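S.K.: Submitted below is the structure of interest, expressed as structure tokens.
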Amino acid sequence: MKDAFGIPQSLLVLGGTSEIGLATARRLVARRTRTVWLAGRPSPALDRSARQLLDLGAEVRTVAFDALDPESHEAALGKVFAEGDIDMVLLAFGVLGDQAHDEREPLNAVRVAQTNYTGAVSAGLISARALQAQGHGSLVVLSSVAGERARRANFIYGSSKAGLDAFAQGLGDALHGTGVHVMVVRPGFVRSRMTEGMEEAPLATTPEAVATAIELGLRRRSETVWVPGALRVVMSALRHLPRGVFRRLPV
Amino acid sequence: MTDPPYKGGTVARMSADTVPAAEGDSGTTWGPVTGWGRTAPTAARLIRPRTYQEAADAVRECGVRGGIARGLGRAYGDAAQNAGGAVLDMTGLDRVHAIDADGGTVLCDAGVSLHRLMEVLLPLGWFVPVTPGTRYVTVGGAIGADIHGKNHHVSGSFARHVLSFELLTADGRVRTVDRGTPLFDATAGGMGLTGVILTATVRLQPVETALMSVDTERAADLDDLMARLTATDHRYRYSVAWIDLLARGARTGRAVLTRGDHAPLDALPERSRARRDPLAFRTSRLPAAPDLVPDGLLSRTTVGLFNELWYRKAPRVSRGRLQRISTFFHPLDGVPHWNRVYGRGGFVQYQFVVGHDRADALRRIVRRISEHRCPSFLAVLKRFGEADPGWLSFPVPGWTLALDVPAGLPGLGAFLDGLDEEVAQAGGRVYLAKDSRLRPELLDAMYPRLTDFRALRAELDPRGVFVSDLARRLHL
Ligand SMILES: Cc1cc2nc3c(=O)[nH]c(=O)nc-3n(C[C@H](O)[C@H](O)[C@H](O)COP(=O)(O)OP(=O)(O)OC[C@H]3O[C@@H](n4cnc5c(N)ncnc54)[C@H](O)[C@@H]3O)c2cc1C
Ligand SMILES: NC(=O)c1ccc[n+]([C@@H]2O[C@H](COP(=O)([O-])OP(=O)(O)OC[C@H]3O[C@@H](n4cnc5c(N)ncnc54)[C@H](OP(=O)(O)O)[C@@H]3O)[C@@H](O)[C@H]2O)c1
């Protein structure tokens, strides 16, 4: 169960090697979390992630999960929930893709969309149903500022996150009053494996900062969290810029 | 036993905060539930049985996520919540069945509130044996948490005055449970996890008037306070100290002691209204706190100011002042929904006890709280008497401190964890009826009879029908 501060005792990370996901898990384990499930594509990296949390004192288990194979989601996630209540599900999987390359290779672009959007729709709905049956729990969805307004430079990724974000908001409304809390997290540029080697955007932040913001959001039962918080204002200004101006922005 | 003088009529309904508005079929609603602290809401099927049969049916049909009894929801944390399962709102069973006005006992439904009992019993010259800081708790909740009052050092906990009760157990049977039996001691303080209490027979306290005779004095600091309580508590039936946890330096632990007893008839001025009708139960009520309170209204500054005023307005010394029962015991009941002043994030109540010989731990904890600047008002310090027989009953002889803190205070979780360590090391414990955040690993050390409790539950309720969010969180 979550405590008075919204900290879960059991956590399921979908995308078990995600740097943001692991930073969040580390932070929660330092507080109250005892059981962590890492769901991801089996790999040495996934095992390393598990060991990392094990060393912090958590009881860690891994489960094979591929966002691109929605047919398998029911069984994979069903297995986790059958073992006991999950107080928080962190939807952390996602791929950035390579915009220039993917524009030329539509099938690659489709994989980005399928991972970030349809994969999340499937895993999100299955998790939501299980949480609802429990009568409690938080579903924390890692969206992105990129979904707030599609940019020339990464509209494939951006549009997939826009879809995910809208989906998660709607799901949150659908679950209102069921005891299940859906929180949409919109980080800006986060220094992680995903952005390695890329030029940093203004207001760049770290996985640890995202984890801190998530912990605060859980305590406040927030529905939307921006990281860093200043992005809320920045993005609401950008959202209202005329297309012609926005197009010419160096973002 | 005389005939039942009263029937039905719920006194105080569950607060609108905690109960969903939409009513479905057959008196069942589905929606979020919280405790009095308004943290960690979870959804459950709320069932309000009107007969014992309906209660038994509800237990039989409560499904895989089990059920738990709920009284007036005054437990601060998640004790009367059951995510995804059934919550039996027992306030629909609220009849006072019989009063023995000569012997001083009452037989009533578990859903009857202490407020109701006072209304019914005071005119007959009887008072409840133990009352907490609010009258709006049920008899079931009073046994379930084995509550204590300002008279613990003299009278012990509530269940000490319960002669027997009827318990609806997981197998759907109703058992009569007498004091001195294992099932009685597991249920007293057992947080609803042994079954649903349907009725109870409670021994009462005789009184000549409905007024209290109260002595008030101020203590300049914690040492002064502890010395005064230690020296003279035994002279009073009721004793408690309000302590200003925001005061620092030399004033750390400054406090106002209010102690007293039921006023005897001859203490009332002759020819006064009170003298003409000495057993009239009068209360005062102020407007309810608004539902939407901006977060952060309770800052260190406002709370500090409040505490300062409270301390100053208390007389340095006053003796034998007459006070209403509600003023003496239940000052907060005057403001319905006062829990809303903490805003949306809710609040945490922290109450612990450490033995008399561990005053050092108490001193350290008070210093830590006042240094941490917790905006806590109306913290209460009291000395407990003998431990009670309930296996999970909270009181043990020693010092108990209770404080409220807004849940949104940054770093509060880790800070309270630190206090837990201190309490556990001193052989003390925290109070489950108020808990919403304890680390489960500490529980076994705090409650050594937990092993017996678990064993009894495993036998009585092998399928785990009775379960609550508290039980899930702390692995009770
Ligand atoms: C302002 C305030 C002051 C307080 N002061 C004190 C104090 O001085 N001393 C003290 O000890 N406590 C105090 N409390 C706590 C309160 O007395 C207890 O939490 C009490 O249990 C609340 O009773 P309730 O009827 O509201 O029960 P709930 O809060 O609804 O339930 C509390 C527990 O009792 C169980 N329970 C309720 N009814 C039944 C039943 N019929 N059968 C079996 N189990 C049942 C529930 O399952 C749950 O575990 C205070 C609370 C408030 C809000
Ligand atoms: N980094 C940023 O700047 C940033 C900004 C805003 C939002 N976000 C979002 O935050 C989330 C986490 O990102 P991160 O920074 O932590 O990046 P990361 O370390 O690269 O994590 C991405 C995760 O997604 C997993 N994944 C990718 N495809 C998958 C698939 N088909 N099935 C299952 N898992 C798959 C990866 O697992 P494998 O190990 O199997 O590849 C990895 O665990 C992502 O949704 C991302 O879009 C990131």
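To be explicit about the labels: the chains of the structure tokens are called A, B, and onward in the order shown, and within each one the residues are counted from 1, while ligands get numbers from 1 in the order they are shown.
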Name the residues in contact with region 190-206 of chain B at a cut-off of 7 Å, using only C-alpha atoms, excluding same-chain residues fewer than 4 positions from it; report them as a compact mmCIF listing (two decimals) with C-alpha atoms, in the first residue's frame.
M.R.:
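Printed below is selection-v6.txt as written:
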```txt
# COMPACT_ATOMS: atom_id res chain seq x y z
CA ILE B 68 -13.33 -4.52 7.23
CA ALA B 69 -15.61 -2.79 9.70
CA ALA B 79 -7.26 1.33 9.46
CA GLY B 104 -24.04 1.11 35.56
CA THR B 105 -23.74 -0.89 32.38
CA VAL B 106 -25.01 -0.37 28.88
CA LEU B 107 -25.65 -2.88 26.11
CA CYS B 108 -25.56 -1.26 22.70
CA ASP B 109 -24.75 -1.80 19.04
CA ALA B 110 -21.15 -1.26 18.01
CA GLY B 125 -25.99 9.95 36.09
CA TRP B 126 -23.56 7.85 34.06
CA PHE B 127 -20.65 8.66 31.78
CA VAL B 128 -18.62 6.61 29.33
CA PRO B 129 -15.64 4.97 31.04
CA GLY B 140 -16.82 -0.62 17.74
CA GLY B 144 -11.11 -1.97 17.70
CA ALA B 145 -8.40 0.57 18.54
CA HIS B 161 -14.48 -1.57 30.79
CA VAL B 162 -16.05 -3.87 28.24
CA LEU B 163 -17.59 -6.92 29.85
CA SER B 164 -18.33 -8.77 26.64
CA PHE B 165 -19.19 -8.25 23.01
CA GLU B 166 -20.69 -10.12 20.14
CA LEU B 167 -18.30 -10.73 17.28
CA LEU B 168 -19.21 -11.70 13.74
CA THR B 169 -16.33 -13.87 12.59
CA ALA B 170 -15.08 -14.92 9.17
CA ALA B 186 -6.99 -10.12 20.24
CA LEU B 392 -2.15 -4.93 20.10
CA ARG B 457 -6.04 -14.81 12.92
CA PHE B 466 -10.87 -9.52 7.30
CA VAL B 467 -8.28 -7.24 5.85
```
S.K.: Compute the chain A side of the contact with chain B at 12 Å, counting only C-alpha atoms, and hand it back as a tab-separated table (two decimals) with C-alpha atoms, in the first residue's frame.
M.R.:
```
chain	number	residue	atom	x	y	z
A	1	MET	CA	0.00	0.00	0.00
A	2	LYS	CA	1.07	3.59	-0.47
A	3	ASP	CA	1.78	5.49	2.70
A	4	ALA	CA	0.47	8.93	3.65
A	5	PHE	CA	3.07	10.46	1.33
A	6	GLY	CA	2.06	8.41	-1.69
A	7	ILE	CA	5.21	6.27	-1.56
A	8	PRO	CA	4.54	2.75	-2.85
A	9	GLN	CA	5.70	-0.45	-1.20
A	10	SER	CA	5.65	-2.35	-4.49
A	28	LEU	CA	11.56	5.04	-3.81
A	30	ALA	CA	15.44	4.48	-0.27
A	31	ARG	CA	12.07	5.51	1.19
A	32	ARG	CA	9.62	2.61	1.44
A	33	THR	CA	9.56	0.46	-1.67
A	34	ARG	CA	10.46	-3.18	-0.94
A	84	GLY	CA	0.29	-9.47	-5.22
A	85	ASP	CA	-0.78	-5.84	-5.25
A	86	ILE	CA	1.28	-3.36	-7.22
A	87	ASP	CA	1.13	0.07	-5.65
A	129	ARG	CA	-7.62	-2.65	-15.16
A	130	ALA	CA	-5.51	-4.51	-12.61
A	131	LEU	CA	-5.06	-1.42	-10.47
A	132	GLN	CA	-8.75	-0.73	-10.59
A	133	ALA	CA	-9.50	-4.23	-9.35
A	134	GLN	CA	-7.13	-3.57	-6.44
A	135	GLY	CA	-8.94	-0.30	-5.70
A	136	HIS	CA	-5.67	1.56	-5.37
A	137	GLY	CA	-2.39	2.40	-7.05
A	138	SER	CA	-0.67	4.98	-9.18
A	175	LEU	CA	-10.22	6.25	-13.50
A	176	HIS	CA	-11.20	9.24	-11.41
A	177	GLY	CA	-12.92	8.04	-8.27
A	178	THR	CA	-11.73	4.44	-8.63
A	179	GLY	CA	-8.89	4.84	-6.16
A	180	VAL	CA	-6.40	4.72	-9.05
A	181	HIS	CA	-4.26	7.76	-9.68
A	212	THR	CA	12.49	13.76	-7.27
A	215	GLU	CA	8.15	11.55	-5.58
A	216	LEU	CA	6.71	15.01	-5.00
A	217	GLY	CA	3.90	14.38	-7.48
A	218	LEU	CA	2.99	11.16	-5.69
A	219	ARG	CA	2.75	12.97	-2.39
A	220	ARG	CA	0.57	15.69	-3.88
A	221	ARG	CA	-1.39	13.23	-6.00
A	222	SER	CA	-0.64	15.48	-8.97
```
S.K.: Could you give me, as a short mmCIF file (atom, residue, chain, number, x, y, z; two decimals) with all heavy atoms, in the first residue's frame, the residues within 12 Å of Phe93 (chain A), counting only C-alpha atoms and dropping anything in the same chain fewer than 3 positions from it?
M.R.:
```
data_model
loop_
_atom_site.label_atom_id
_atom_site.label_comp_id
_atom_site.auth_asym_id
_atom_site.auth_seq_id
_atom_site.Cartn_x
_atom_site.Cartn_y
_atom_site.Cartn_z
N LEU A 12 6.23 -1.57 -10.16
CA LEU A 12 6.47 -2.25 -11.43
C LEU A 12 6.98 -1.22 -12.43
O LEU A 12 6.29 -0.23 -12.70
CB LEU A 12 5.17 -2.89 -11.93
CG LEU A 12 5.11 -3.35 -13.39
CD1 LEU A 12 6.15 -4.42 -13.70
CD2 LEU A 12 3.71 -3.87 -13.75
N VAL A 13 8.19 -1.46 -12.94
CA VAL A 13 8.74 -0.55 -13.95
C VAL A 13 8.62 -1.22 -15.30
O VAL A 13 9.22 -2.27 -15.53
CB VAL A 13 10.22 -0.20 -13.65
CG1 VAL A 13 10.73 0.82 -14.66
CG2 VAL A 13 10.39 0.31 -12.23
N LEU A 14 7.85 -0.61 -16.17
CA LEU A 14 7.75 -1.11 -17.54
C LEU A 14 8.83 -0.39 -18.34
O LEU A 14 8.75 0.82 -18.56
CB LEU A 14 6.37 -0.83 -18.13
CG LEU A 14 5.18 -1.43 -17.37
CD1 LEU A 14 3.86 -0.97 -17.97
CD2 LEU A 14 5.27 -2.96 -17.41
N GLY A 15 9.84 -1.14 -18.77
CA GLY A 15 11.04 -0.54 -19.34
C GLY A 15 12.09 -0.58 -18.25
O GLY A 15 12.55 0.44 -17.75
N GLY A 16 12.42 -1.80 -17.84
CA GLY A 16 13.21 -2.01 -16.62
C GLY A 16 14.64 -1.54 -16.67
O GLY A 16 15.31 -1.53 -15.64
N THR A 17 15.14 -1.14 -17.85
CA THR A 17 16.50 -0.62 -17.89
C THR A 17 16.52 0.89 -18.05
O THR A 17 17.59 1.49 -18.13
CB THR A 17 17.30 -1.24 -19.06
OG1 THR A 17 16.62 -0.89 -20.27
CG2 THR A 17 17.39 -2.75 -18.93
N SER A 18 15.36 1.50 -18.13
CA SER A 18 15.29 2.95 -18.34
C SER A 18 16.04 3.69 -17.23
O SER A 18 15.88 3.40 -16.05
CB SER A 18 13.83 3.39 -18.38
OG SER A 18 13.69 4.67 -17.79
N GLU A 19 16.85 4.62 -17.63
CA GLU A 19 17.64 5.36 -16.63
C GLU A 19 16.74 6.18 -15.73
O GLU A 19 16.97 6.27 -14.52
CB GLU A 19 18.66 6.26 -17.32
CG GLU A 19 19.86 5.47 -17.79
CD GLU A 19 21.01 6.39 -18.17
OE1 GLU A 19 21.32 7.32 -17.40
OE2 GLU A 19 21.56 6.17 -19.26
N ILE A 20 15.70 6.77 -16.32
CA ILE A 20 14.76 7.53 -15.49
C ILE A 20 14.01 6.58 -14.56
O ILE A 20 13.83 6.83 -13.38
CB ILE A 20 13.78 8.33 -16.37
CG1 ILE A 20 14.53 9.37 -17.20
CG2 ILE A 20 12.72 9.01 -15.51
CD1 ILE A 20 13.67 10.14 -18.19
N GLY A 21 13.61 5.44 -15.12
CA GLY A 21 12.89 4.45 -14.33
C GLY A 21 13.73 3.97 -13.15
O GLY A 21 13.24 3.87 -12.02
N LEU A 22 15.01 3.71 -13.40
CA LEU A 22 15.87 3.20 -12.34
C LEU A 22 16.17 4.29 -11.29
O LEU A 22 16.22 4.00 -10.09
CB LEU A 22 17.17 2.67 -12.93
CG LEU A 22 17.01 1.32 -13.63
CD1 LEU A 22 18.29 0.95 -14.37
CD2 LEU A 22 16.65 0.23 -12.61
N LEU A 38 10.94 -5.49 -12.54
CA LEU A 38 11.46 -4.82 -13.72
C LEU A 38 10.99 -5.58 -14.94
O LEU A 38 11.36 -6.75 -15.14
CB LEU A 38 12.99 -4.77 -13.67
CG LEU A 38 13.61 -3.98 -12.51
CD1 LEU A 38 15.14 -4.04 -12.59
CD2 LEU A 38 13.13 -2.53 -12.51
N ALA A 39 10.17 -4.94 -15.74
CA ALA A 39 9.66 -5.58 -16.96
C ALA A 39 10.42 -5.03 -18.15
O ALA A 39 10.53 -3.81 -18.31
CB ALA A 39 8.17 -5.31 -17.10
N GLY A 40 10.97 -5.92 -18.95
CA GLY A 40 11.73 -5.44 -20.10
C GLY A 40 12.17 -6.58 -20.98
O GLY A 40 11.93 -7.75 -20.67
N ARG A 41 12.85 -6.21 -22.07
CA ARG A 41 13.37 -7.25 -22.96
C ARG A 41 14.57 -7.88 -22.27
O ARG A 41 15.47 -7.15 -21.82
CB ARG A 41 13.77 -6.63 -24.30
CG ARG A 41 12.55 -6.06 -25.03
CD ARG A 41 12.92 -5.38 -26.31
NE ARG A 41 13.63 -4.12 -26.09
CZ ARG A 41 13.79 -3.19 -27.03
NH1 ARG A 41 13.31 -3.39 -28.23
NH2 ARG A 41 14.43 -2.08 -26.75
N PHE A 65 9.14 -8.53 -21.14
CA PHE A 65 8.08 -7.65 -21.65
C PHE A 65 8.62 -6.92 -22.87
O PHE A 65 9.67 -6.30 -22.82
CB PHE A 65 7.69 -6.65 -20.54
CG PHE A 65 6.82 -5.53 -21.03
CD1 PHE A 65 5.44 -5.70 -21.14
CD2 PHE A 65 7.37 -4.30 -21.37
CE1 PHE A 65 4.64 -4.67 -21.61
CE2 PHE A 65 6.56 -3.26 -21.84
CZ PHE A 65 5.20 -3.44 -21.95
N ASP A 66 7.88 -7.00 -23.97
CA ASP A 66 8.28 -6.27 -25.18
C ASP A 66 7.11 -5.39 -25.61
O ASP A 66 6.03 -5.89 -25.94
CB ASP A 66 8.65 -7.27 -26.29
CG ASP A 66 9.16 -6.57 -27.53
OD1 ASP A 66 9.02 -5.33 -27.63
OD2 ASP A 66 9.69 -7.26 -28.42
N ALA A 67 7.36 -4.10 -25.62
CA ALA A 67 6.29 -3.15 -25.95
C ALA A 67 5.75 -3.43 -27.36
O ALA A 67 4.58 -3.17 -27.64
CB ALA A 67 6.82 -1.72 -25.86
N LEU A 68 6.63 -3.95 -28.22
CA LEU A 68 6.23 -4.15 -29.62
C LEU A 68 5.40 -5.41 -29.81
O LEU A 68 5.00 -5.72 -30.93
CB LEU A 68 7.47 -4.20 -30.51
CG LEU A 68 8.14 -2.84 -30.72
CD1 LEU A 68 9.50 -3.01 -31.37
CD2 LEU A 68 7.24 -1.93 -31.55
N VAL A 89 2.75 1.64 -10.94
CA VAL A 89 3.28 1.18 -12.22
C VAL A 89 3.93 2.39 -12.87
O VAL A 89 3.31 3.45 -13.00
CB VAL A 89 2.16 0.64 -13.14
CG1 VAL A 89 2.73 0.21 -14.48
CG2 VAL A 89 1.43 -0.52 -12.47
N LEU A 90 5.19 2.22 -13.26
CA LEU A 90 5.88 3.32 -13.95
C LEU A 90 6.06 2.91 -15.39
O LEU A 90 6.79 1.96 -15.69
CB LEU A 90 7.23 3.58 -13.27
CG LEU A 90 8.11 4.65 -13.91
CD1 LEU A 90 7.40 6.01 -13.91
CD2 LEU A 90 9.44 4.76 -13.18
N LEU A 96 13.53 6.98 -28.93
CA LEU A 96 13.58 8.31 -29.53
C LEU A 96 13.54 8.23 -31.06
O LEU A 96 13.00 9.09 -31.73
CB LEU A 96 14.88 8.99 -29.06
CG LEU A 96 15.07 10.45 -29.34
CD1 LEU A 96 13.90 11.25 -28.78
CD2 LEU A 96 16.38 10.91 -28.69
N VAL A 112 8.75 3.38 -33.83
CA VAL A 112 8.75 4.39 -32.77
C VAL A 112 7.31 4.59 -32.26
O VAL A 112 7.04 4.55 -31.06
CB VAL A 112 9.31 5.74 -33.30
CG1 VAL A 112 9.11 6.85 -32.26
CG2 VAL A 112 10.78 5.61 -33.66
N GLN A 114 4.82 2.57 -32.59
CA GLN A 114 4.28 1.36 -31.94
C GLN A 114 4.83 1.15 -30.54
O GLN A 114 4.14 0.68 -29.66
CB GLN A 114 4.57 0.13 -32.82
CG GLN A 114 3.61 0.04 -33.99
CD GLN A 114 3.92 -1.13 -34.89
OE1 GLN A 114 5.06 -1.63 -34.89
NE2 GLN A 114 2.95 -1.55 -35.68
N THR A 115 6.09 1.50 -30.34
CA THR A 115 6.66 1.35 -29.01
C THR A 115 6.02 2.37 -28.07
O THR A 115 5.44 2.03 -27.04
CB THR A 115 8.19 1.58 -29.04
OG1 THR A 115 8.75 0.72 -30.03
CG2 THR A 115 8.81 1.30 -27.68
N ASN A 116 6.14 3.65 -28.47
CA ASN A 116 5.76 4.72 -27.55
C ASN A 116 4.25 4.86 -27.38
O ASN A 116 3.78 5.23 -26.32
CB ASN A 116 6.31 6.06 -28.04
CG ASN A 116 7.83 6.08 -28.05
OD1 ASN A 116 8.46 5.15 -27.54
ND2 ASN A 116 8.41 7.11 -28.64
N TYR A 117 3.52 4.61 -28.45
CA TYR A 117 2.08 4.81 -28.36
C TYR A 117 1.28 3.52 -28.22
O TYR A 117 0.74 3.25 -27.15
CB TYR A 117 1.57 5.65 -29.54
CG TYR A 117 0.07 5.89 -29.43
CD1 TYR A 117 -0.45 6.60 -28.35
CD2 TYR A 117 -0.81 5.34 -30.36
CE1 TYR A 117 -1.81 6.77 -28.20
CE2 TYR A 117 -2.18 5.53 -30.22
CZ TYR A 117 -2.68 6.22 -29.14
OH TYR A 117 -4.02 6.38 -28.99
N THR A 118 1.24 2.71 -29.26
CA THR A 118 0.35 1.54 -29.16
C THR A 118 0.81 0.58 -28.06
O THR A 118 -0.02 0.00 -27.35
CB THR A 118 0.21 0.78 -30.50
OG1 THR A 118 1.50 0.57 -31.03
CG2 THR A 118 -0.63 1.54 -31.48
N GLY A 119 2.12 0.44 -27.90
CA GLY A 119 2.63 -0.42 -26.83
C GLY A 119 2.15 0.08 -25.48
O GLY A 119 1.77 -0.69 -24.59
N ALA A 120 2.16 1.40 -25.33
CA ALA A 120 1.74 2.01 -24.06
C ALA A 120 0.22 1.91 -23.88
O ALA A 120 -0.26 1.76 -22.76
CB ALA A 120 2.19 3.46 -24.02
N ALA A 123 -0.24 -1.74 -22.68
CA ALA A 123 0.26 -1.96 -21.31
C ALA A 123 -0.48 -1.07 -20.32
O ALA A 123 -0.76 -1.47 -19.19
CB ALA A 123 1.75 -1.68 -21.25
N GLY A 124 -0.83 0.13 -20.76
CA GLY A 124 -1.54 1.07 -19.88
C GLY A 124 -2.93 0.56 -19.53
O GLY A 124 -3.33 0.59 -18.36
N VAL A 140 2.08 5.90 -13.34
CA VAL A 140 2.89 7.07 -13.67
C VAL A 140 3.41 6.90 -15.09
O VAL A 140 4.09 5.91 -15.38
CB VAL A 140 4.04 7.24 -12.67
CG1 VAL A 140 4.89 8.46 -13.02
CG2 VAL A 140 3.48 7.36 -11.25
N VAL A 141 3.08 7.84 -15.95
CA VAL A 141 3.40 7.70 -17.36
C VAL A 141 4.44 8.73 -17.76
O VAL A 141 4.24 9.94 -17.59
CB VAL A 141 2.11 7.89 -18.20
CG1 VAL A 141 2.43 7.83 -19.69
CG2 VAL A 141 1.08 6.83 -17.84
N LEU A 142 5.57 8.25 -18.30
CA LEU A 142 6.60 9.17 -18.77
C LEU A 142 6.25 9.63 -20.18
O LEU A 142 6.49 8.94 -21.16
CB LEU A 142 7.98 8.51 -18.74
CG LEU A 142 8.54 8.23 -17.35
CD1 LEU A 142 9.92 7.59 -17.44
CD2 LEU A 142 8.62 9.51 -16.51
N SER A 143 5.66 10.79 -20.25
CA SER A 143 5.38 11.43 -21.52
C SER A 143 6.60 12.30 -21.84
O SER A 143 7.71 11.96 -21.43
CB SER A 143 4.09 12.25 -21.37
OG SER A 143 3.86 13.02 -22.51
N LYS A 161 4.47 10.72 -28.54
CA LYS A 161 4.31 11.15 -27.15
C LYS A 161 3.03 11.96 -26.98
O LYS A 161 2.40 11.92 -25.92
CB LYS A 161 5.53 11.97 -26.70
CG LYS A 161 6.77 11.12 -26.47
CD LYS A 161 6.59 10.18 -25.28
CE LYS A 161 7.87 9.44 -24.92
NZ LYS A 161 7.67 8.44 -23.85
N LEU A 164 0.45 9.40 -26.61
CA LEU A 164 0.56 8.79 -25.30
C LEU A 164 0.01 9.72 -24.22
O LEU A 164 -0.72 9.30 -23.31
CB LEU A 164 2.04 8.48 -25.01
CG LEU A 164 2.38 8.06 -23.58
CD1 LEU A 164 1.72 6.73 -23.24
CD2 LEU A 164 3.90 7.98 -23.38
N MET A 194 19.24 7.75 -23.67
CA MET A 194 18.41 8.11 -24.82
C MET A 194 18.92 9.36 -25.54
O MET A 194 18.80 9.47 -26.75
CB MET A 194 16.96 8.33 -24.35
CG MET A 194 16.00 8.62 -25.48
SD MET A 194 14.30 8.74 -24.89
CE MET A 194 13.79 7.05 -24.95
#
```
S.K.: So which bits of region 347-467 of chain B end up strand (DSSP E or B) when you DSSP the backbone, as a ChimeraX atom specification?
M.R.: /B:347-355,379-384,398-406,429-430,466
S.K.: Might you pull out every residue within 8 Å of region 375-383 of chain B, with only C-alpha atoms counted and same-chain residues fewer than 6 positions away left off, and present them as a list in words?
M.R.: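 Selected residues are Lys150, His152, His153, Leu229, Ser239, Val240, Ala241, Trp242, Ile243, Asp244, Leu245, Leu246, Leu298, Ser299, Arg300, Val303, Gly304, Phe306, Asn307, Pro397, Gly398, Trp399, Thr400, Leu401, Ala402, Leu403, Asp404, Val405 and Pro406 of chain B.
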S.K.: Can those selected residues be exported to a file as a compact mmCIF listing (two decimals), in the first residue's frame so that it contains N, CA and C atoms?
M.R.:
```txt
# COMPACT_ATOMS: atom_id res chain seq x y z
N LYS B 150 -7.96 10.71 28.76
CA LYS B 150 -7.15 11.46 29.72
C LYS B 150 -7.07 10.75 31.06
N HIS B 152 -6.29 7.52 31.42
CA HIS B 152 -5.65 6.21 31.30
C HIS B 152 -4.85 5.83 32.55
N HIS B 153 -4.20 6.80 33.16
CA HIS B 153 -3.35 6.49 34.32
C HIS B 153 -4.17 5.97 35.50
N LEU B 229 3.75 16.72 36.00
CA LEU B 229 2.88 15.57 35.73
C LEU B 229 3.25 14.40 36.64
N SER B 239 -6.08 13.81 33.16
CA SER B 239 -4.91 14.66 33.09
C SER B 239 -4.33 14.65 31.68
N VAL B 240 -3.99 15.84 31.20
CA VAL B 240 -3.34 15.92 29.89
C VAL B 240 -2.63 17.26 29.82
N ALA B 241 -1.60 17.33 28.98
CA ALA B 241 -0.91 18.60 28.79
C ALA B 241 -0.83 18.90 27.32
N TRP B 242 -1.14 20.14 26.99
CA TRP B 242 -0.95 20.59 25.62
C TRP B 242 0.44 21.20 25.55
N ILE B 243 1.19 20.81 24.55
CA ILE B 243 2.58 21.23 24.52
C ILE B 243 2.89 21.96 23.21
N ASP B 244 3.61 23.06 23.33
CA ASP B 244 3.92 23.91 22.19
C ASP B 244 5.22 23.42 21.55
N LEU B 245 5.08 22.67 20.47
CA LEU B 245 6.27 22.07 19.88
C LEU B 245 7.01 23.04 18.97
N LEU B 246 6.49 24.24 18.81
CA LEU B 246 7.22 25.22 18.01
C LEU B 246 8.11 26.11 18.88
N LEU B 298 -1.66 26.66 6.82
CA LEU B 298 -1.06 26.38 8.11
C LEU B 298 0.46 26.44 7.96
N SER B 299 0.99 27.62 8.06
CA SER B 299 2.43 27.74 7.97
C SER B 299 2.99 27.76 9.38
N ARG B 300 4.32 27.75 9.46
CA ARG B 300 4.94 27.84 10.78
C ARG B 300 4.51 29.11 11.48
N VAL B 303 0.73 28.84 12.70
CA VAL B 303 0.63 27.89 13.80
C VAL B 303 1.37 28.40 15.03
N GLY B 304 2.53 29.00 14.79
CA GLY B 304 3.30 29.57 15.90
C GLY B 304 2.49 30.61 16.64
N PHE B 306 -0.78 30.88 16.69
CA PHE B 306 -1.88 30.21 17.39
C PHE B 306 -1.38 29.63 18.71
N ASN B 307 -0.26 28.94 18.65
CA ASN B 307 0.28 28.32 19.85
C ASN B 307 0.61 29.37 20.92
N PRO B 397 2.97 1.65 30.24
CA PRO B 397 3.26 2.71 31.20
C PRO B 397 4.37 3.61 30.68
N GLY B 398 4.13 4.89 30.66
CA GLY B 398 5.16 5.79 30.17
C GLY B 398 4.58 7.08 29.62
N TRP B 399 5.39 7.72 28.80
CA TRP B 399 5.02 9.01 28.23
C TRP B 399 4.49 8.84 26.82
N THR B 400 3.36 9.46 26.53
CA THR B 400 2.87 9.41 25.16
C THR B 400 2.71 10.83 24.64
N LEU B 401 3.16 11.02 23.40
CA LEU B 401 3.07 12.32 22.75
C LEU B 401 2.34 12.14 21.43
N ALA B 402 1.38 13.05 21.15
CA ALA B 402 0.64 12.99 19.89
C ALA B 402 0.71 14.35 19.22
N LEU B 403 1.00 14.35 17.93
CA LEU B 403 1.04 15.63 17.21
C LEU B 403 0.51 15.48 15.79
N ASP B 404 0.00 16.57 15.26
CA ASP B 404 -0.47 16.64 13.87
C ASP B 404 0.56 17.37 13.03
N VAL B 405 0.81 16.89 11.83
CA VAL B 405 1.68 17.62 10.92
C VAL B 405 1.09 17.53 9.52
N PRO B 406 1.05 18.66 8.77
CA PRO B 406 0.55 18.57 7.39
C PRO B 406 1.42 17.61 6.58
```
S.K.: Tell me, as a list in words, which residues lie within 12 Å of Arg243 (chain A), counting only C-alpha atoms; anything in the same chain fewer than 6 positions away does not count.
M.R.: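 Contacts, in chain order: Arg149, Ala150, Arg151, Arg152 and Leu249 of chain A.
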S.K.: Which polymer residues have any atom within 10 Å of an atom of region 257-261 of chain B, counting only C-alpha atoms, with same-chain residues fewer than 4 positions away left out, as an MDAnalysis selection string?
M.R.: chainID B and resid 150:151 207 211:219 225 228:229 232:233 235:243 314 316:323 328 380:382
